[in-house]
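Below is one structure; the comments refer to it alone.
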Amino acid sequence: MKRNTFTRTLHNIRMAGFPVGLGLTSVLVGGTLNRVMIVELGLPASLVGLFFALPLLISPVRVWLGYRSDAYPLWGLRREPYIIFGSLVAGLGVSGATLATLNAANTGGLMIGATVLAFVAYGLGKNLSSNTFEALLADKFEGEQRPRAVTFFKVAMFLGIMGGAIALGRMLDPFSPERLLTIVFSVVAIAFVLAGFAAVQQEPRTTSAQAASQEARETSFRETFITMVWRDSQVKRFFIFVMLTVVGTLAQDVLLEPYGALVLGMSVGETTSLTAIWGAGTLLAMMAAGAWLIKRLGYAPVLRAGLLLGVLVFVGLILAGALKSIPVFQGLVFLLGICTGLSAAGMLTAVIEFTTLARAGLLMGVWGVAHELGQAFGSLMSGVMVDLGRAVSSGNALFAYGAVFAVEALLLVIALAIYGRVDLTQSTVLTEDR
């Protein structure tokens, strides 16, 4: 018994290699490569914005990729080969994007086109590998293990992001194209090795998994999508709920630092620390939720508590700005992290519960699209609202940023109302085997 427990624990720790590698790659692309393209290489910000929007814009392909993983095993396996292949394609995309941008000044339009293709490859690979990994979690874990698993691996990704941000920042100083290439190739190789190390021998090799694959293959993707997604009111409600939750909790992601500076007069050092304060709250809440809160209370109360706390925090952020209180603002940022962690842990558990063995890849694709689109819409909405708010209020930063916080609070209230109308037991997907 002890030997089996030790083996399972070892397998779970090994699986953490994938989200750690995903976090490292995300920092490399979204932080390091983004900055280098604009600052060191002098590329137009609008062009760079297009590059980094591509992985989000092609996210709807996750639904089809999830269906392929469900229905068409490779070498008899539905998850492991897709995770490894997706990681390889993502790594090649990042490497190609780096090589192309370093030569963009010399060859103009051709290299820009190559960069676009490279980012598309990165998006396809990332969507394939991450979506299939989430489906593997749904296949592998059941009951009380699920909330612990999804939060554990989310925390692992956060640690990869935080560790990668520190390490990459130091390694790139001083900057040179050769140093950048060495770092990119090294991170890509590490992420690919971690993906293989995490995925191999993890997929359940059972007759029920084979039967589920056969069941998924009997229906075409088009018919499956129409029946299981498009015509299912429960799926559509849950899709909207996930989108609103992501927008409501993350739209302020790039606003806290400028809000602190413009409204409260905080220094660069003080605003830089906000990310760490928010991250500490997020990690603490996710670990607490995964370890015992969800087990004791259930994921729905934890999710609702996180969203309700978010509503109160956003109102508090506006008041902190009006009162010019930096300590109150910093405390609220920590609570915002708690809110994000609780709602994320609850939502991730709800997402993984809204799956079946035959449709895990497809449904994880649907929820992944909701998350990606919500993140993209949230970033766009917050930026546009701030610019409009400052334009109509003669540059009043409190009014402009406060308007975004107020809208986020409203979206979380709407999300709570929609979640109250979601009844998973009535979903076509969850009742198809009855």
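Chain identifiers are assigned as A, B, and so on, following the order in which chains appear in the structure tokens; residues are numbered from 1 within each chain, and ligands are numbered from 1 in order of appearance.
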Would you write out, as a Markdown table, a table of all residues in range 129-177 of chain A that have an atom no more than 8 Å from an atom of range 195-209 of chain A, listing for each the closest atom pair and the distance in Å to one decimal, considering only C-alpha atoms and ordering rows by chain and rising residue number?
```
| residue | atom | partner | partner_atom | distance |
| --- | --- | --- | --- | --- |
| A:Leu136 | CA | A:Glu203 | CA | 6.7 |
| A:Asp139 | CA | A:Pro204 | CA | 7.3 |
| A:Lys140 | CA | A:Pro204 | CA | 6.5 |
```
Please report, as CSV, each residue of range 37-112 of chain A lying at most 12 Å from range 222-226 of chain A, together with the nearest pair of atoms and the separation in Å rounded to one decimal; use only C-alpha atoms, and order rows by chain and ascending residue number.
```
residue,atom,partner,partner_atom,distance
A:Val63,CA,A:Phe225,CA,8.4
A:Trp64,CA,A:Phe225,CA,8.8
A:Gly66,CA,A:Phe225,CA,11.1
A:Tyr67,CA,A:Thr224,CA,8.7
A:Arg68,CA,A:Thr224,CA,11.6
A:Asp70,CA,A:Thr224,CA,11.6
A:Ala71,CA,A:Thr224,CA,11.1
```
Practice task
Would you kindly return, as a PyMOL selection string, each protein, DNA or RNA residue with an atom no farther than 7 Å from any atom of range 15-25 of chain A, considering only C-alpha atoms and excluding same-chain residues fewer than 3 positions away?
Solution key: chain A and resi 11-12+28-29+153+156-161+164+187-188+191+194-195+197-199
Dump N, CA and C atoms for the selected residues as an mmCIF file, in the first residue's frame?
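Written out: out_28.cif:
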```
data_model
loop_
_atom_site.group_PDB
_atom_site.id
_atom_site.type_symbol
_atom_site.label_atom_id
_atom_site.label_comp_id
_atom_site.auth_asym_id
_atom_site.auth_seq_id
_atom_site.Cartn_x
_atom_site.Cartn_y
_atom_site.Cartn_z
ATOM 1 N N HIS A 11 4.724 9.968 -9.489
ATOM 2 C CA HIS A 11 4.131 10.266 -10.793
ATOM 3 C C HIS A 11 3.546 11.679 -10.820
ATOM 4 N N ASN A 12 2.879 12.068 -9.738
ATOM 5 C CA ASN A 12 2.270 13.395 -9.689
ATOM 6 C C ASN A 12 3.325 14.492 -9.683
ATOM 7 N N LEU A 28 9.227 33.527 -21.232
ATOM 8 C CA LEU A 28 10.153 33.774 -22.338
ATOM 9 C C LEU A 28 9.457 34.524 -23.464
ATOM 10 N N VAL A 29 8.221 34.118 -23.783
ATOM 11 C CA VAL A 29 7.495 34.736 -24.894
ATOM 12 C C VAL A 29 6.866 36.056 -24.470
ATOM 13 N N PHE A 153 -1.021 21.671 -9.942
ATOM 14 C CA PHE A 153 -0.335 21.910 -11.216
ATOM 15 C C PHE A 153 -0.437 23.376 -11.645
ATOM 16 N N ALA A 156 2.294 24.961 -9.738
ATOM 17 C CA ALA A 156 3.564 24.632 -10.389
ATOM 18 C C ALA A 156 3.833 25.570 -11.558
ATOM 19 N N MET A 157 2.780 25.912 -12.322
ATOM 20 C CA MET A 157 2.962 26.834 -13.441
ATOM 21 C C MET A 157 3.323 28.237 -12.933
ATOM 22 N N PHE A 158 2.668 28.675 -11.860
ATOM 23 C CA PHE A 158 2.991 29.970 -11.260
ATOM 24 C C PHE A 158 4.458 30.006 -10.826
ATOM 25 N N LEU A 159 4.920 28.921 -10.216
ATOM 26 C CA LEU A 159 6.312 28.865 -9.781
ATOM 27 C C LEU A 159 7.261 28.914 -10.972
ATOM 28 N N GLY A 160 6.880 28.250 -12.067
ATOM 29 C CA GLY A 160 7.685 28.326 -13.284
ATOM 30 C C GLY A 160 7.751 29.740 -13.824
ATOM 31 N N ILE A 161 6.623 30.446 -13.759
ATOM 32 C CA ILE A 161 6.588 31.831 -14.235
ATOM 33 C C ILE A 161 7.447 32.727 -13.357
ATOM 34 N N GLY A 164 11.143 31.717 -13.672
ATOM 35 C CA GLY A 164 11.627 32.081 -15.001
ATOM 36 C C GLY A 164 11.834 33.571 -15.146
ATOM 37 N N VAL A 187 15.860 27.337 -23.034
ATOM 38 C CA VAL A 187 14.539 27.246 -22.380
ATOM 39 C C VAL A 187 13.620 26.317 -23.159
ATOM 40 N N VAL A 188 13.642 26.430 -24.491
ATOM 41 C CA VAL A 188 12.808 25.565 -25.326
ATOM 42 C C VAL A 188 13.174 24.099 -25.114
ATOM 43 N N ALA A 191 11.962 22.995 -21.634
ATOM 44 C CA ALA A 191 10.512 22.821 -21.608
ATOM 45 C C ALA A 191 10.095 21.529 -22.315
ATOM 46 N N LEU A 194 11.037 18.571 -20.095
ATOM 47 C CA LEU A 194 10.096 18.501 -18.969
ATOM 48 C C LEU A 194 8.742 17.949 -19.402
ATOM 49 N N ALA A 195 8.297 18.324 -20.609
ATOM 50 C CA ALA A 195 7.020 17.814 -21.110
ATOM 51 C C ALA A 195 7.076 16.301 -21.304
ATOM 52 N N PHE A 197 9.211 14.212 -19.856
ATOM 53 C CA PHE A 197 9.388 13.618 -18.532
ATOM 54 C C PHE A 197 8.064 13.559 -17.778
ATOM 55 N N ALA A 198 7.237 14.610 -17.964
ATOM 56 C CA ALA A 198 5.962 14.679 -17.254
ATOM 57 C C ALA A 198 4.917 13.740 -17.832
ATOM 58 N N ALA A 199 4.924 13.555 -19.161
ATOM 59 C CA ALA A 199 3.815 12.873 -19.827
ATOM 60 C C ALA A 199 3.976 11.355 -19.933
#
```
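Residue nearest Thr245 in chain A, chosen from A:Asn131, A:Gln375, A:Ser220, A:Gln145 and counting only C-alpha atoms: A:Gln375.
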Do you know which residues are at most 10 Å from Glu134 in chain A counting only C-alpha atoms, after dropping those on the same chain fewer than 6 positions away, and could you put them as a JSON list (two decimals) with C-alpha atoms, in the first residue's frame?
```json
[["chain", "number", "residue", "atom", "x", "y", "z"],
["A", 66, "GLY", "CA", -9.38, 18.25, -28.15],
["A", 79, "ARG", "CA", -2.87, 12.11, -24.41],
["A", 83, "ILE", "CA", 1.35, 16.61, -25.22],
["A", 140, "LYS", "CA", -6.32, 10.46, -14.38],
["A", 150, "VAL", "CA", -5.66, 21.00, -10.71],
["A", 153, "PHE", "CA", -0.34, 21.91, -11.22],
["A", 348, "LEU", "CA", -10.72, 24.88, -12.44],
["A", 351, "VAL", "CA", -14.25, 22.83, -15.35],
["A", 352, "ILE", "CA", -12.67, 19.45, -14.77],
["A", 360, "ALA", "CA", -12.49, 15.41, -21.90],
["A", 361, "GLY", "CA", -10.35, 16.81, -24.71],
["A", 363, "LEU", "CA", -14.68, 20.07, -23.35],
["A", 364, "MET", "CA", -11.28, 21.21, -22.09],
["A", 365, "GLY", "CA", -10.93, 22.83, -25.48],
["A", 368, "GLY", "CA", -9.82, 26.81, -22.81]]
```
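Every protein or nucleic acid residue with an atom no more than 6 Å from Phe329 in chain A, counting only C-alpha atoms and leaving out same-chain residues fewer than 3 positions away, appears here: Ala320, Ile326 and Leu332 of chain A.
With distances restricted to only C-alpha atoms, A:Asn396 is the closest residue to Leu262 in chain A from A:Ser95, A:Thr7, A:Asn396, A:Ser69.
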Practice task
List the neighbours of Tyr299 in chain A out to 10 Å using only C-alpha atoms; skip same-chain residues closer than 5 positions along the sequence, and give me the result as a VMD selection string.
Solution key: chain A and resid 147 289 to 290 293 to 294 304 to 305 342 to 343 345 to 350 353
Exercise for the section: For Thr249 in chain A, list every protein, DNA or RNA residue within 10 Å, evaluated using only C-alpha atoms, and leave out those in the same chain fewer than 2 positions away; present the list as a PyMOL selection string. Expected result: chain A and resi 244-247+251-253+306-307+310-311+314+336-337+339-341+343-344+375+378+405+408-409+411-412
Write a file of the selected residues as a PDB file, in the first residue's frame, keeping N, CA and C atoms.
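The file below, out-v7.pdb, is the result:
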```pdb
ATOM      1  N   LEU A 244     -16.777  35.524 -18.351  1.00  0.00           N
ATOM      2  CA  LEU A 244     -17.029  36.661 -17.467  1.00  0.00           C
ATOM      3  C   LEU A 244     -16.141  36.607 -16.222  1.00  0.00           C
ATOM      4  N   THR A 245     -15.917  35.408 -15.699  1.00  0.00           N
ATOM      5  CA  THR A 245     -15.052  35.262 -14.523  1.00  0.00           C
ATOM      6  C   THR A 245     -13.626  35.674 -14.843  1.00  0.00           C
ATOM      7  N   VAL A 246     -13.132  35.246 -15.998  1.00  0.00           N
ATOM      8  CA  VAL A 246     -11.762  35.605 -16.392  1.00  0.00           C
ATOM      9  C   VAL A 246     -11.644  37.109 -16.611  1.00  0.00           C
ATOM     10  N   VAL A 247     -12.605  37.688 -17.329  1.00  0.00           N
ATOM     11  CA  VAL A 247     -12.576  39.139 -17.556  1.00  0.00           C
ATOM     12  C   VAL A 247     -12.676  39.873 -16.227  1.00  0.00           C
ATOM     13  N   ALA A 251      -8.987  41.538 -15.821  1.00  0.00           N
ATOM     14  CA  ALA A 251      -8.927  42.707 -16.697  1.00  0.00           C
ATOM     15  C   ALA A 251      -8.026  43.792 -16.134  1.00  0.00           C
ATOM     16  N   GLN A 252      -7.885  43.843 -14.805  1.00  0.00           N
ATOM     17  CA  GLN A 252      -7.042  44.865 -14.183  1.00  0.00           C
ATOM     18  C   GLN A 252      -5.576  44.462 -14.139  1.00  0.00           C
ATOM     19  N   ASP A 253      -5.225  43.332 -14.761  1.00  0.00           N
ATOM     20  CA  ASP A 253      -3.885  42.767 -14.644  1.00  0.00           C
ATOM     21  C   ASP A 253      -2.789  43.785 -14.951  1.00  0.00           C
ATOM     22  N   GLY A 306     -14.902  33.404  -3.709  1.00  0.00           N
ATOM     23  CA  GLY A 306     -13.884  34.151  -4.430  1.00  0.00           C
ATOM     24  C   GLY A 306     -14.472  35.280  -5.258  1.00  0.00           C
ATOM     25  N   LEU A 307     -15.576  35.013  -5.940  1.00  0.00           N
ATOM     26  CA  LEU A 307     -16.208  36.038  -6.769  1.00  0.00           C
ATOM     27  C   LEU A 307     -16.815  37.159  -5.918  1.00  0.00           C
ATOM     28  N   GLY A 310     -14.151  39.317  -4.690  1.00  0.00           N
ATOM     29  CA  GLY A 310     -13.682  40.165  -5.778  1.00  0.00           C
ATOM     30  C   GLY A 310     -14.533  41.411  -5.938  1.00  0.00           C
ATOM     31  N   VAL A 311     -15.840  41.260  -5.832  1.00  0.00           N
ATOM     32  CA  VAL A 311     -16.738  42.421  -5.940  1.00  0.00           C
ATOM     33  C   VAL A 311     -16.396  43.448  -4.866  1.00  0.00           C
ATOM     34  N   PHE A 314     -12.904  45.219  -5.532  1.00  0.00           N
ATOM     35  CA  PHE A 314     -12.902  46.244  -6.576  1.00  0.00           C
ATOM     36  C   PHE A 314     -13.536  47.543  -6.086  1.00  0.00           C
ATOM     37  N   LEU A 336      -7.056  40.872  -3.426  1.00  0.00           N
ATOM     38  CA  LEU A 336      -7.387  40.587  -4.825  1.00  0.00           C
ATOM     39  C   LEU A 336      -6.724  39.287  -5.265  1.00  0.00           C
ATOM     40  N   GLY A 337      -5.491  39.051  -4.794  1.00  0.00           N
ATOM     41  CA  GLY A 337      -4.839  37.778  -5.060  1.00  0.00           C
ATOM     42  C   GLY A 337      -5.595  36.621  -4.435  1.00  0.00           C
ATOM     43  N   CYS A 339      -8.793  36.539  -3.787  1.00  0.00           N
ATOM     44  CA  CYS A 339      -9.996  36.388  -4.613  1.00  0.00           C
ATOM     45  C   CYS A 339      -9.683  35.630  -5.896  1.00  0.00           C
ATOM     46  N   THR A 340      -8.590  36.006  -6.559  1.00  0.00           N
ATOM     47  CA  THR A 340      -8.206  35.340  -7.809  1.00  0.00           C
ATOM     48  C   THR A 340      -7.900  33.871  -7.572  1.00  0.00           C
ATOM     49  N   GLY A 341      -7.174  33.578  -6.491  1.00  0.00           N
ATOM     50  CA  GLY A 341      -6.822  32.185  -6.194  1.00  0.00           C
ATOM     51  C   GLY A 341      -8.023  31.328  -5.872  1.00  0.00           C
ATOM     52  N   SER A 343     -11.274  31.896  -6.701  1.00  0.00           N
ATOM     53  CA  SER A 343     -12.144  31.747  -7.863  1.00  0.00           C
ATOM     54  C   SER A 343     -11.492  30.848  -8.918  1.00  0.00           C
ATOM     55  N   ALA A 344     -10.168  30.959  -9.081  1.00  0.00           N
ATOM     56  CA  ALA A 344      -9.473  30.116 -10.063  1.00  0.00           C
ATOM     57  C   ALA A 344      -9.521  28.653  -9.646  1.00  0.00           C
ATOM     58  N   GLN A 375      -9.492  36.430 -21.531  1.00  0.00           N
ATOM     59  CA  GLN A 375      -8.250  37.140 -21.240  1.00  0.00           C
ATOM     60  C   GLN A 375      -7.980  38.212 -22.290  1.00  0.00           C
ATOM     61  N   GLY A 378     -10.563  41.002 -21.911  1.00  0.00           N
ATOM     62  CA  GLY A 378     -10.301  41.781 -20.707  1.00  0.00           C
ATOM     63  C   GLY A 378      -9.190  42.790 -20.903  1.00  0.00           C
ATOM     64  N   PHE A 405     -12.608  49.154 -12.646  1.00  0.00           N
ATOM     65  CA  PHE A 405     -12.838  48.337 -11.452  1.00  0.00           C
ATOM     66  C   PHE A 405     -14.335  48.131 -11.204  1.00  0.00           C
ATOM     67  N   GLU A 408     -15.629  45.570 -13.657  1.00  0.00           N
ATOM     68  CA  GLU A 408     -15.203  44.227 -13.257  1.00  0.00           C
ATOM     69  C   GLU A 408     -16.077  43.694 -12.134  1.00  0.00           C
ATOM     70  N   ALA A 409     -16.392  44.544 -11.161  1.00  0.00           N
ATOM     71  CA  ALA A 409     -17.275  44.119 -10.071  1.00  0.00           C
ATOM     72  C   ALA A 409     -18.641  43.724 -10.611  1.00  0.00           C
ATOM     73  N   LEU A 411     -19.330  42.636 -13.637  1.00  0.00           N
ATOM     74  CA  LEU A 411     -19.198  41.385 -14.389  1.00  0.00           C
ATOM     75  C   LEU A 411     -19.162  40.176 -13.456  1.00  0.00           C
ATOM     76  N   LEU A 412     -18.519  40.326 -12.309  1.00  0.00           N
ATOM     77  CA  LEU A 412     -18.487  39.220 -11.349  1.00  0.00           C
ATOM     78  C   LEU A 412     -19.872  38.945 -10.766  1.00  0.00           C
TER      79      LEU A 412
END
```
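Distances here use only C-alpha atoms; by that measure, the residue among A:Leu33, A:Leu124, A:Leu284, A:Ala322 closest to Pro177 in chain A is A:Leu33.
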